[in-house]
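**Q** Contents are compact mmCIF, C-alpha atoms and all ligand atoms; file name entry.txt:
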```txt
# COMPACT_ATOMS: atom_id res chain seq x y z
CA MET A 1 78.41 64.55 50.91
CA ARG A 2 74.74 63.85 51.39
CA ILE A 3 72.26 63.73 48.52
CA PRO A 4 69.31 61.86 49.99
CA SER A 5 66.85 64.48 48.74
CA PHE A 6 67.27 63.15 45.12
CA LYS A 7 66.64 59.54 45.98
CA PHE A 8 63.05 59.76 47.14
CA PRO A 9 61.55 61.56 44.08
CA ILE A 10 63.37 59.23 41.63
CA ILE A 11 62.00 56.15 43.33
CA SER A 12 58.48 57.52 43.46
CA VAL A 13 58.47 58.49 39.75
CA SER A 14 59.58 55.01 38.71
CA LEU A 15 57.08 53.52 41.11
CA LEU A 16 54.35 55.64 39.58
CA ILE A 17 55.28 54.47 36.07
CA THR A 18 55.28 50.85 37.23
CA VAL A 19 51.86 51.27 38.80
CA PHE A 20 50.56 53.02 35.65
CA VAL A 21 51.83 50.27 33.33
CA PHE A 22 50.45 47.64 35.66
CA ILE A 23 46.96 49.17 35.67
CA VAL A 24 46.64 50.39 32.09
CA GLY A 25 49.01 47.97 30.40
CA PRO A 26 51.54 48.87 27.74
CA VAL A 27 50.09 49.97 24.40
CA HIS A 28 51.50 48.13 21.39
CA ALA A 29 50.53 49.47 17.99
CA ASP A 30 51.43 46.09 16.48
CA GLN A 31 48.99 44.15 18.61
CA VAL A 32 45.22 43.70 18.81
CA VAL A 33 43.53 42.54 22.00
CA VAL A 34 40.30 40.58 21.50
CA TYR A 35 37.61 39.60 23.99
CA SER A 36 35.89 36.60 22.44
CA ALA A 37 32.78 34.62 23.30
CA ARG A 38 33.83 32.24 20.54
CA ILE A 39 36.09 29.58 22.00
CA GLU A 40 39.81 29.42 21.24
CA GLN A 41 39.63 26.64 18.64
CA LEU A 42 37.14 28.73 16.60
CA ILE A 43 39.31 31.88 16.47
CA LYS A 44 42.98 30.95 16.79
CA PRO A 45 43.49 29.66 13.22
CA MET A 46 42.33 33.01 11.77
CA PHE A 47 44.37 35.05 14.20
CA ASP A 48 47.49 33.04 13.36
CA LYS A 49 46.94 33.62 9.65
CA PHE A 50 46.39 37.35 10.21
CA THR A 51 49.63 37.62 12.21
CA GLN A 52 51.49 35.72 9.48
CA GLN A 53 50.22 38.15 6.82
CA THR A 54 50.54 41.44 8.70
CA GLY A 55 53.01 40.97 11.56
CA ILE A 56 50.28 42.27 13.91
CA LYS A 57 49.95 40.05 16.99
CA VAL A 58 46.56 39.07 18.35
CA ARG A 59 46.08 38.49 22.07
CA TYR A 60 42.74 37.13 23.18
CA THR A 61 40.64 36.25 26.19
CA THR A 62 37.65 33.92 25.87
CA ASP A 63 34.64 33.84 28.19
CA ASN A 64 30.86 33.92 27.89
CA GLU A 65 29.35 37.08 26.41
CA GLY A 66 27.79 38.25 29.69
CA ALA A 67 31.13 38.13 31.50
CA LEU A 68 32.99 39.85 28.65
CA MET A 69 30.44 42.64 28.39
CA ALA A 70 30.45 43.19 32.17
CA ARG A 71 34.23 43.34 32.03
CA LEU A 72 34.24 45.90 29.21
CA GLN A 73 31.73 47.96 31.16
CA ALA A 74 33.79 47.80 34.37
CA GLU A 75 37.07 48.60 32.62
CA GLY A 76 35.61 51.59 30.79
CA LYS A 77 38.31 53.78 29.27
CA ASN A 78 41.05 51.57 30.74
CA THR A 79 40.07 48.45 28.85
CA PRO A 80 42.93 46.65 27.10
CA ALA A 81 40.43 45.21 24.58
CA ASP A 82 40.25 46.48 21.00
CA MET A 83 37.62 44.07 19.71
CA LEU A 84 34.64 42.10 20.98
CA ILE A 85 33.65 38.87 19.21
CA THR A 86 30.37 37.25 20.20
CA VAL A 87 27.43 35.28 18.85
CA ASP A 88 23.91 36.42 18.11
CA ALA A 89 22.88 39.85 16.85
CA GLY A 90 20.89 40.27 20.09
CA ASN A 91 24.15 40.25 22.07
CA LEU A 92 26.00 42.53 19.65
CA TRP A 93 23.08 44.95 19.70
CA ALA A 94 23.15 44.95 23.53
CA ALA A 95 26.90 45.74 23.51
CA SER A 96 26.27 48.62 21.15
CA LYS A 97 23.33 49.86 23.21
CA ALA A 98 25.53 49.80 26.34
CA GLY A 99 28.02 52.11 24.59
CA LEU A 100 30.76 49.47 24.47
CA LEU A 101 31.41 49.65 20.71
CA ARG A 102 32.57 52.30 18.26
CA PRO A 103 31.33 52.84 14.71
CA ILE A 104 33.75 52.28 11.83
CA ASP A 105 33.33 53.35 8.28
CA SER A 106 34.94 50.61 6.16
CA GLN A 107 34.18 50.07 2.48
CA ILE A 108 35.78 46.63 2.72
CA LEU A 109 33.36 45.52 5.45
CA LYS A 110 30.42 47.01 3.58
CA SER A 111 31.27 45.18 0.39
CA ASN A 112 32.15 41.84 2.07
CA ILE A 113 29.13 41.64 4.41
CA PRO A 114 25.51 41.81 3.19
CA GLU A 115 23.56 44.72 4.62
CA HIS A 116 21.09 42.69 6.73
CA LEU A 117 23.98 41.04 8.60
CA ARG A 118 25.57 44.24 9.97
CA ASP A 119 24.56 47.16 12.18
CA PRO A 120 23.03 50.10 10.27
CA GLY A 121 25.08 52.28 12.68
CA ASN A 122 28.29 50.38 11.71
CA GLU A 123 29.13 49.26 15.26
CA TRP A 124 28.94 45.48 14.67
CA PHE A 125 29.40 43.18 11.72
CA GLY A 126 28.39 39.59 11.03
CA LEU A 127 31.29 37.22 10.31
CA SER A 128 29.44 33.93 9.97
CA ILE A 129 25.81 32.97 9.38
CA ARG A 130 24.00 30.49 11.59
CA ALA A 131 20.73 29.19 10.20
CA ARG A 132 17.96 28.25 12.67
CA THR A 133 15.85 25.70 10.90
CA ILE A 134 13.50 22.72 11.27
CA ILE A 135 14.87 19.25 12.06
CA TYR A 136 12.45 16.34 11.81
CA ASN A 137 12.32 12.60 12.45
CA THR A 138 12.56 10.99 9.02
CA ARG A 139 10.48 8.00 10.15
CA LYS A 140 7.61 10.08 11.42
CA VAL A 141 7.43 13.15 9.19
CA ASP A 142 7.18 13.39 5.42
CA PRO A 143 8.95 16.61 4.42
CA SER A 144 6.00 17.42 2.15
CA GLU A 145 4.02 18.06 5.37
CA LEU A 146 6.43 20.83 6.32
CA SER A 147 6.31 24.45 5.16
CA THR A 148 6.98 27.30 7.62
CA TYR A 149 7.84 28.17 11.24
CA GLU A 150 4.33 29.65 11.44
CA ASP A 151 2.78 26.32 10.36
CA LEU A 152 4.27 24.60 13.44
CA ALA A 153 1.42 26.32 15.33
CA ASP A 154 -1.14 24.26 13.36
CA PRO A 155 -3.04 21.65 15.43
CA LYS A 156 -1.78 18.91 13.09
CA TRP A 157 1.51 19.11 15.07
CA LYS A 158 -0.18 18.58 18.46
CA ASN A 159 2.10 16.64 20.85
CA ARG A 160 4.71 16.42 18.10
CA LEU A 161 6.86 19.54 18.67
CA CYS A 162 9.97 19.95 20.86
CA LEU A 163 11.46 23.38 21.54
CA ARG A 164 14.52 24.64 23.33
CA THR A 165 13.86 26.96 26.28
CA SER A 166 12.78 30.54 25.55
CA LYS A 167 15.58 31.72 27.87
CA LYS A 168 18.13 31.16 25.10
CA VAL A 169 18.90 34.26 23.04
CA TYR A 170 18.65 32.19 19.82
CA ASN A 171 14.89 31.76 20.37
CA GLN A 172 14.48 35.34 21.59
CA SER A 173 16.04 36.53 18.32
CA LEU A 174 13.86 34.16 16.26
CA VAL A 175 10.69 35.51 17.90
CA ALA A 176 11.94 39.12 17.69
CA MET A 177 12.44 38.70 13.93
CA MET A 178 8.94 37.23 13.67
CA ILE A 179 7.57 40.32 15.43
CA ALA A 180 9.45 42.47 12.90
CA GLU A 181 7.73 40.55 10.13
CA HIS A 182 4.21 39.88 11.48
CA GLY A 183 3.69 42.33 14.36
CA GLU A 184 3.11 41.35 17.99
CA ALA A 185 -0.49 40.10 17.88
CA GLU A 186 0.05 37.62 15.05
CA THR A 187 3.39 36.44 16.46
CA GLU A 188 1.80 35.85 19.86
CA ASN A 189 -0.83 33.63 18.27
CA ILE A 190 1.87 31.64 16.48
CA VAL A 191 3.92 31.17 19.65
CA LYS A 192 0.79 30.14 21.58
CA GLY A 193 0.18 27.56 18.86
CA TRP A 194 3.72 26.22 19.28
CA VAL A 195 3.23 25.91 23.04
CA ALA A 196 -0.08 24.09 22.51
CA ASN A 197 1.73 21.59 20.26
CA LEU A 198 4.62 20.81 22.62
CA ALA A 199 5.19 17.12 23.31
CA THR A 200 7.33 17.93 26.35
CA ASP A 201 8.51 20.90 28.44
CA PRO A 202 11.05 23.13 26.64
CA LEU A 203 14.51 21.55 26.59
CA SER A 204 17.85 22.91 27.77
CA ASP A 205 19.67 23.01 24.44
CA ASP A 206 19.48 22.36 20.70
CA THR A 207 21.28 19.01 20.86
CA ARG A 208 18.95 17.66 23.52
CA ALA A 209 15.95 18.78 21.44
CA MET A 210 17.29 16.77 18.46
CA GLU A 211 18.00 13.76 20.69
CA PHE A 212 14.34 13.83 21.73
CA VAL A 213 13.32 13.96 18.04
CA ALA A 214 15.66 11.09 17.15
CA ALA A 215 14.33 9.00 20.06
CA GLY A 216 10.76 9.55 18.87
CA ARG A 217 9.71 11.55 21.94
CA CYS A 218 8.62 14.28 19.52
CA ASP A 219 8.66 14.58 15.73
CA LEU A 220 10.37 17.88 15.03
CA THR A 221 12.18 20.88 16.49
CA ILE A 222 13.92 24.16 15.60
CA VAL A 223 17.73 24.32 15.96
CA ASN A 224 20.89 25.93 14.62
CA THR A 225 22.26 23.75 11.86
CA TYR A 226 25.81 23.45 13.25
CA TYR A 227 24.39 21.44 16.18
CA TYR A 228 22.73 19.15 13.64
CA GLY A 229 26.08 18.83 11.86
CA ARG A 230 27.90 17.88 15.07
CA LEU A 231 25.27 15.34 16.11
CA ILE A 232 25.06 13.67 12.68
CA GLN A 233 28.86 13.53 12.51
CA LYS A 234 28.88 11.56 15.78
CA ASP A 235 26.04 9.27 14.71
CA PRO A 236 25.25 9.33 10.97
CA ASN A 237 22.44 6.79 11.43
CA LEU A 238 20.18 9.05 13.47
CA PRO A 239 16.79 9.41 11.72
CA LEU A 240 17.07 13.19 11.45
CA GLY A 241 16.29 15.30 8.38
CA ILE A 242 16.89 18.97 7.76
CA PHE A 243 14.17 21.19 6.30
CA TRP A 244 14.43 24.79 5.07
CA PRO A 245 11.19 26.58 6.01
CA ASN A 246 9.61 29.74 4.58
CA GLN A 247 11.16 29.26 1.15
CA LYS A 248 8.04 30.66 -0.54
CA THR A 249 7.75 33.49 1.97
CA SER A 250 10.32 35.38 4.04
CA GLY A 251 13.17 32.82 4.12
CA VAL A 252 15.04 30.88 6.81
CA HIS A 253 15.76 32.72 10.07
CA VAL A 254 19.48 33.44 10.16
CA ASN A 255 21.62 34.93 12.86
CA ILE A 256 25.31 35.70 13.06
CA SER A 257 28.44 35.44 15.02
CA GLY A 258 30.13 38.77 14.66
CA ALA A 259 32.35 41.47 16.05
CA GLY A 260 32.77 45.13 16.73
CA LEU A 261 35.58 47.45 17.77
CA THR A 262 35.46 48.49 21.42
CA ARG A 263 34.73 52.13 22.16
CA TYR A 264 37.96 52.65 24.14
CA GLY A 265 40.38 50.27 22.41
CA LYS A 266 43.89 51.65 22.02
CA ASN A 267 44.61 50.23 18.56
CA PRO A 268 41.54 50.89 16.42
CA GLN A 269 43.48 50.88 13.13
CA ALA A 270 44.99 47.47 13.71
CA ALA A 271 41.66 46.16 15.04
CA GLU A 272 39.86 47.41 11.93
CA LYS A 273 42.44 45.62 9.79
CA LEU A 274 41.75 42.40 11.70
CA LEU A 275 38.00 42.79 11.27
CA GLU A 276 38.41 43.42 7.53
CA PHE A 277 40.64 40.37 7.32
CA LEU A 278 38.03 38.21 9.06
CA SER A 279 35.45 39.27 6.43
CA SER A 280 37.82 38.58 3.54
CA ILE A 281 37.93 35.61 1.20
CA SER A 282 41.12 34.33 2.81
CA ALA A 283 39.58 34.07 6.30
CA GLN A 284 35.85 33.55 5.75
CA ASN A 285 35.92 29.81 5.16
CA LEU A 286 38.26 29.31 8.10
CA PHE A 287 35.89 31.30 10.29
CA ALA A 288 32.68 29.57 9.18
CA ASP A 289 33.79 26.01 8.38
CA VAL A 290 35.45 25.37 11.73
CA ASN A 291 31.96 25.51 13.34
CA MET A 292 29.95 24.24 10.36
CA GLU A 293 28.42 27.69 9.83
CA TYR A 294 27.97 29.66 6.60
CA PRO A 295 30.30 32.39 5.38
CA VAL A 296 28.71 35.88 5.35
CA ASN A 297 30.77 36.78 2.31
CA PRO A 298 28.46 35.84 -0.59
CA ASN A 299 31.43 35.13 -2.88
CA LEU A 300 32.21 31.93 -0.97
CA GLN A 301 30.70 28.47 -0.71
CA PRO A 302 30.25 26.76 2.65
CA ASP A 303 32.18 23.66 3.69
CA PRO A 304 31.19 20.64 1.52
CA VAL A 305 29.38 18.86 4.38
CA VAL A 306 27.38 22.01 5.12
CA ALA A 307 26.74 22.54 1.40
CA SER A 308 25.33 19.00 1.20
CA TRP A 309 22.38 20.12 3.37
CA GLY A 310 21.16 22.15 0.40
CA LYS A 311 20.79 25.77 -0.58
CA PHE A 312 18.18 28.00 1.00
CA LYS A 313 16.75 31.46 0.80
CA GLN A 314 17.50 33.44 3.96
CA ASN A 315 15.39 36.09 5.66
CA ARG A 316 16.79 39.52 4.75
CA ILE A 317 15.26 41.70 7.44
CA ASN A 318 18.14 43.54 9.15
CA LEU A 319 19.28 41.69 12.29
CA VAL A 320 19.26 44.92 14.29
CA LYS A 321 15.59 44.00 14.85
CA ALA A 322 16.69 40.96 16.89
CA GLY A 323 18.08 43.44 19.42
CA GLU A 324 15.49 46.18 19.16
CA LEU A 325 12.61 43.74 19.65
CA GLN A 326 14.33 41.38 22.10
CA ALA A 327 12.57 42.72 25.20
CA ALA A 328 9.21 42.57 23.41
CA ALA A 329 9.97 38.98 22.34
CA VAL A 330 10.80 37.90 25.90
CA LYS A 331 7.55 39.39 27.22
CA LEU A 332 5.55 37.87 24.38
CA MET A 333 6.94 34.37 24.98
CA ASP A 334 6.12 34.74 28.66
CA ARG A 335 2.52 35.77 27.88
CA ALA A 336 2.23 32.83 25.48
CA GLY A 337 3.36 30.40 28.20
CA TYR A 338 6.62 29.50 26.40
CA ARG A 339 9.09 28.82 29.23
FE FE B 401 25.36 27.82 19.75
```
Go ahead and render the structure in this file as structure tokens.
Ligand code: FE
**A**
Amino acid sequence: MRIPSFKFPIISVSLLITVFVFIVGPVHADQVVVYSARIEQLIKPMFDKFTQQTGIKVRYTTDNEGALMARLQAEGKNTPADMLITVDAGNLWAASKAGLLRPIDSQILKSNIPEHLRDPGNEWFGLSIRARTIIYNTRKVDPSELSTYEDLADPKWKNRLCLRTSKKVYNQSLVAMMIAEHGEAETENIVKGWVANLATDPLSDDTRAMEFVAAGRCDLTIVNTYYYGRLIQKDPNLPLGIFWPNQKTSGVHVNISGAGLTRYGKNPQAAEKLLEFLSSISAQNLFADVNMEYPVNPNLQPDPVVASWGKFKQNRINLVKAGELQAAAVKLMDRAGYR
């Protein structure tokens, strides 16, 4: 007896399924897939705790935000990712603008995260606060001389200021938030004043800027405080002081690391649970402390070392402006000669 006619279709159906599973990947309701621009050591402890509590597994891939966003874009509806974690509201805004995120309506997220630290359209949510503040050389600056970011444009700081490059999104967001507060013309004058006060060409990163301050090559700079924390931990004798500007006006410029659910993720319910968990009291200190940042959840205190730097009033303009005004900020810094 000959039955070869059955063989071929059976093989091709199973082949098709194999190819389908290979391309799309199996969908597990008890698993969340995360693309993270935060490195493994900053996310794994929280994911492990979440899995312990819920039984939901978390798989993750880490890379820089540009690569992750390009990947989400290229994968489109076939993406295995349920969640994107990245730093800076400017990046989260760009992901939202590119249609990579989906809005979620969660009372838990709304009550755990202050309004200015999440997207008004509910597509991204801050999970830790990073404060961008003034660091000064304690041998060369009396803190009573210091007041605001705007004051760093005053000629009294001539040849005394160091800045990180304007190419970094942190400074683009800072200037964008200044535009939101002061308008373009006034902000441009301030940034021109900064440039006129530079002691050296803009530097590659926050740590290098502080090393220049500590070495006396300039007197002060603007950096994210977790870099200060890392540097001081390595060398507690560095003559560096931390100053909270704009305490009588708009408050310290803050930014976030945060997350959103991907538009085409296959497990939005589980991903929403993970996001809610990350904003909760049981995960917030883990999330913030591991990088010497501040919890977004106002019911929690920061890590004791971070708390020792003092309390400050933060700027409460919604961080969506960091994205909306990013292009304007980049052009403004270029016009002002800030490289
Ligand atoms: Fe950073």
**Q** Using all atoms listed in the file, what does the table of chain A residues within 9 Å of ligand FE 401 (chain B) look like, with each row giving the shortest atom pair and its distance in Å to one decimal, sorted by chain and ascending number, as JSON lines?
**A**
```
{"residue": "A:Val87", "atom": "CA", "partner": "B:FE401", "partner_atom": "FE", "distance": 7.8}
{"residue": "A:Asp88", "atom": "CA", "partner": "B:FE401", "partner_atom": "FE", "distance": 8.9}
{"residue": "A:Arg130", "atom": "CA", "partner": "B:FE401", "partner_atom": "FE", "distance": 8.7}
{"residue": "A:Tyr170", "atom": "CA", "partner": "B:FE401", "partner_atom": "FE", "distance": 8.0}
{"residue": "A:Asp205", "atom": "CA", "partner": "B:FE401", "partner_atom": "FE", "distance": 8.8}
{"residue": "A:Asp206", "atom": "CA", "partner": "B:FE401", "partner_atom": "FE", "distance": 8.1}
{"residue": "A:Asn224", "atom": "CA", "partner": "B:FE401", "partner_atom": "FE", "distance": 7.1}
{"residue": "A:Tyr226", "atom": "CA", "partner": "B:FE401", "partner_atom": "FE", "distance": 7.8}
{"residue": "A:Tyr227", "atom": "CA", "partner": "B:FE401", "partner_atom": "FE", "distance": 7.4}
```
**Q** Work out how far atom CA of Leu117 of chain A is from atom CA of Leu203 of chain A, in Å to one decimal.
**A**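 It comes out at 28.2 Å.
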**Q** Taking a cut-off of 7 Å and counting all atoms listed in the file, can you build a table that, for each residue of segment 209-311 of chain A near segment 24-48 of chain A, reports the nearest atom pair and how far apart they are in Å (one decimal), sorted by chain then residue number, as a tab-separated table?
**A**
```
residue	atom	partner	partner_atom	distance
A:Lys266	CA	A:Val27	CA	6.9
A:Asn267	CA	A:Ala29	CA	6.0
A:Ala270	CA	A:Val32	CA	6.3
A:Ala271	CA	A:Val32	CA	5.7
A:Ala283	CA	A:Met46	CA	6.2
A:Leu286	CA	A:Met46	CA	6.6
A:Phe287	CA	A:Met46	CA	6.8
A:Val290	CA	A:Leu42	CA	6.2
A:Asn291	CA	A:Leu42	CA	6.9
```
**Q** Could you please determine the separation between atom CA of Ala329 of chain A and atom CA of Val213 of chain A in Å, to one decimal place?
**A**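 One can read the atom CA of Ala329 of chain A to atom CA of Val213 of chain A distance as 25.6 Å.
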**Q** For the atom pair atom CA of Asp63 of chain A and atom CA of Ser282 of chain A, what is the interatomic distance in Å to one decimal place?
**A**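 Distance reported for this atom pair: 26.2 Å.
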**Q** Between A:Leu68, A:Glu150, A:His253, A:Asn112, single out the one closest to Leu127 of chain A, counting only C-alpha atoms.
**A**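 Of A:Leu68, A:Glu150, A:His253, A:Asn112, the one nearest Leu127 of chain A is A:Asn112, counting only C-alpha atoms.
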**Q** Have a look at A:Lys140, A:Arg102, A:Arg316, A:Lys311 and name the one nearest to Leu261 of chain A; count only C-alpha atoms.
**A**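 Using only C-alpha atoms, the shortest distance to Leu261 of chain A belongs to A:Arg102.
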**Q** From the list A:Gly76, A:Ile129, A:Asn315, A:Leu240, which residue is nearest Asn285 of chain A when using all atoms listed in the file?
**A**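 When distances to Asn285 of chain A are compared using all atoms listed in the file, the smallest one comes from A:Ile129.
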**Q** Which is closer to Pro80 of chain A than all the others in A:Asn318, A:Ala288, A:His182, A:Arg59, using all atoms listed in the file?
**A**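 Looking only at the distances to Pro80 of chain A, the closest residue turns out to be A:Arg59.
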**Q** N, CA and C atoms for segment 234-255 of chain A, written as a compact mmCIF listing (two decimals), in the frame of the given file, could you do that?
**A**
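Resulting contents of part.txt:
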```txt
# COMPACT_ATOMS: atom_id res chain seq x y z
N LYS A 234 28.65 12.58 14.74
CA LYS A 234 28.88 11.56 15.78
C LYS A 234 28.12 10.29 15.47
N ASP A 235 26.88 10.44 14.99
CA ASP A 235 26.04 9.27 14.71
C ASP A 235 25.25 9.47 13.41
N PRO A 236 25.86 9.08 12.28
CA PRO A 236 25.25 9.33 10.97
C PRO A 236 23.94 8.58 10.76
N ASN A 237 23.66 7.59 11.63
CA ASN A 237 22.44 6.79 11.43
C ASN A 237 21.20 7.36 12.12
N LEU A 238 21.35 8.47 12.80
CA LEU A 238 20.18 9.05 13.47
C LEU A 238 19.13 9.42 12.42
N PRO A 239 17.85 9.15 12.71
CA PRO A 239 16.79 9.41 11.72
C PRO A 239 16.38 10.89 11.72
N LEU A 240 17.35 11.76 11.40
CA LEU A 240 17.07 13.19 11.45
C LEU A 240 17.21 13.80 10.06
N GLY A 241 16.23 14.59 9.65
CA GLY A 241 16.29 15.30 8.38
C GLY A 241 16.27 16.80 8.61
N ILE A 242 16.82 17.51 7.65
CA ILE A 242 16.89 18.97 7.76
C ILE A 242 15.89 19.57 6.75
N PHE A 243 15.15 20.56 7.19
CA PHE A 243 14.17 21.19 6.30
C PHE A 243 14.32 22.71 6.35
N TRP A 244 14.30 23.32 5.16
CA TRP A 244 14.43 24.79 5.07
C TRP A 244 13.03 25.41 4.96
N PRO A 245 12.55 26.03 6.04
CA PRO A 245 11.19 26.58 6.01
C PRO A 245 11.12 27.95 5.32
N ASN A 246 9.90 28.38 5.06
CA ASN A 246 9.61 29.74 4.58
C ASN A 246 10.29 30.06 3.25
N GLN A 247 10.48 29.02 2.42
CA GLN A 247 11.16 29.26 1.15
C GLN A 247 10.26 29.99 0.15
N LYS A 248 8.94 29.90 0.34
CA LYS A 248 8.04 30.66 -0.54
C LYS A 248 7.65 31.98 0.07
N THR A 249 8.08 32.21 1.31
CA THR A 249 7.75 33.49 1.97
C THR A 249 9.04 34.22 2.33
N SER A 250 9.26 34.45 3.63
CA SER A 250 10.32 35.38 4.04
C SER A 250 11.72 34.77 4.10
N GLY A 251 11.84 33.44 4.05
CA GLY A 251 13.17 32.82 4.12
C GLY A 251 13.50 32.29 5.50
N VAL A 252 14.59 31.51 5.55
CA VAL A 252 15.04 30.88 6.81
C VAL A 252 15.56 31.95 7.78
N HIS A 253 15.22 31.81 9.06
CA HIS A 253 15.76 32.72 10.07
C HIS A 253 17.28 32.49 10.21
N VAL A 254 18.03 33.54 9.97
CA VAL A 254 19.48 33.44 10.16
C VAL A 254 19.91 34.39 11.27
N ASN A 255 21.01 34.04 11.89
CA ASN A 255 21.62 34.93 12.86
C ASN A 255 23.11 34.93 12.55
```
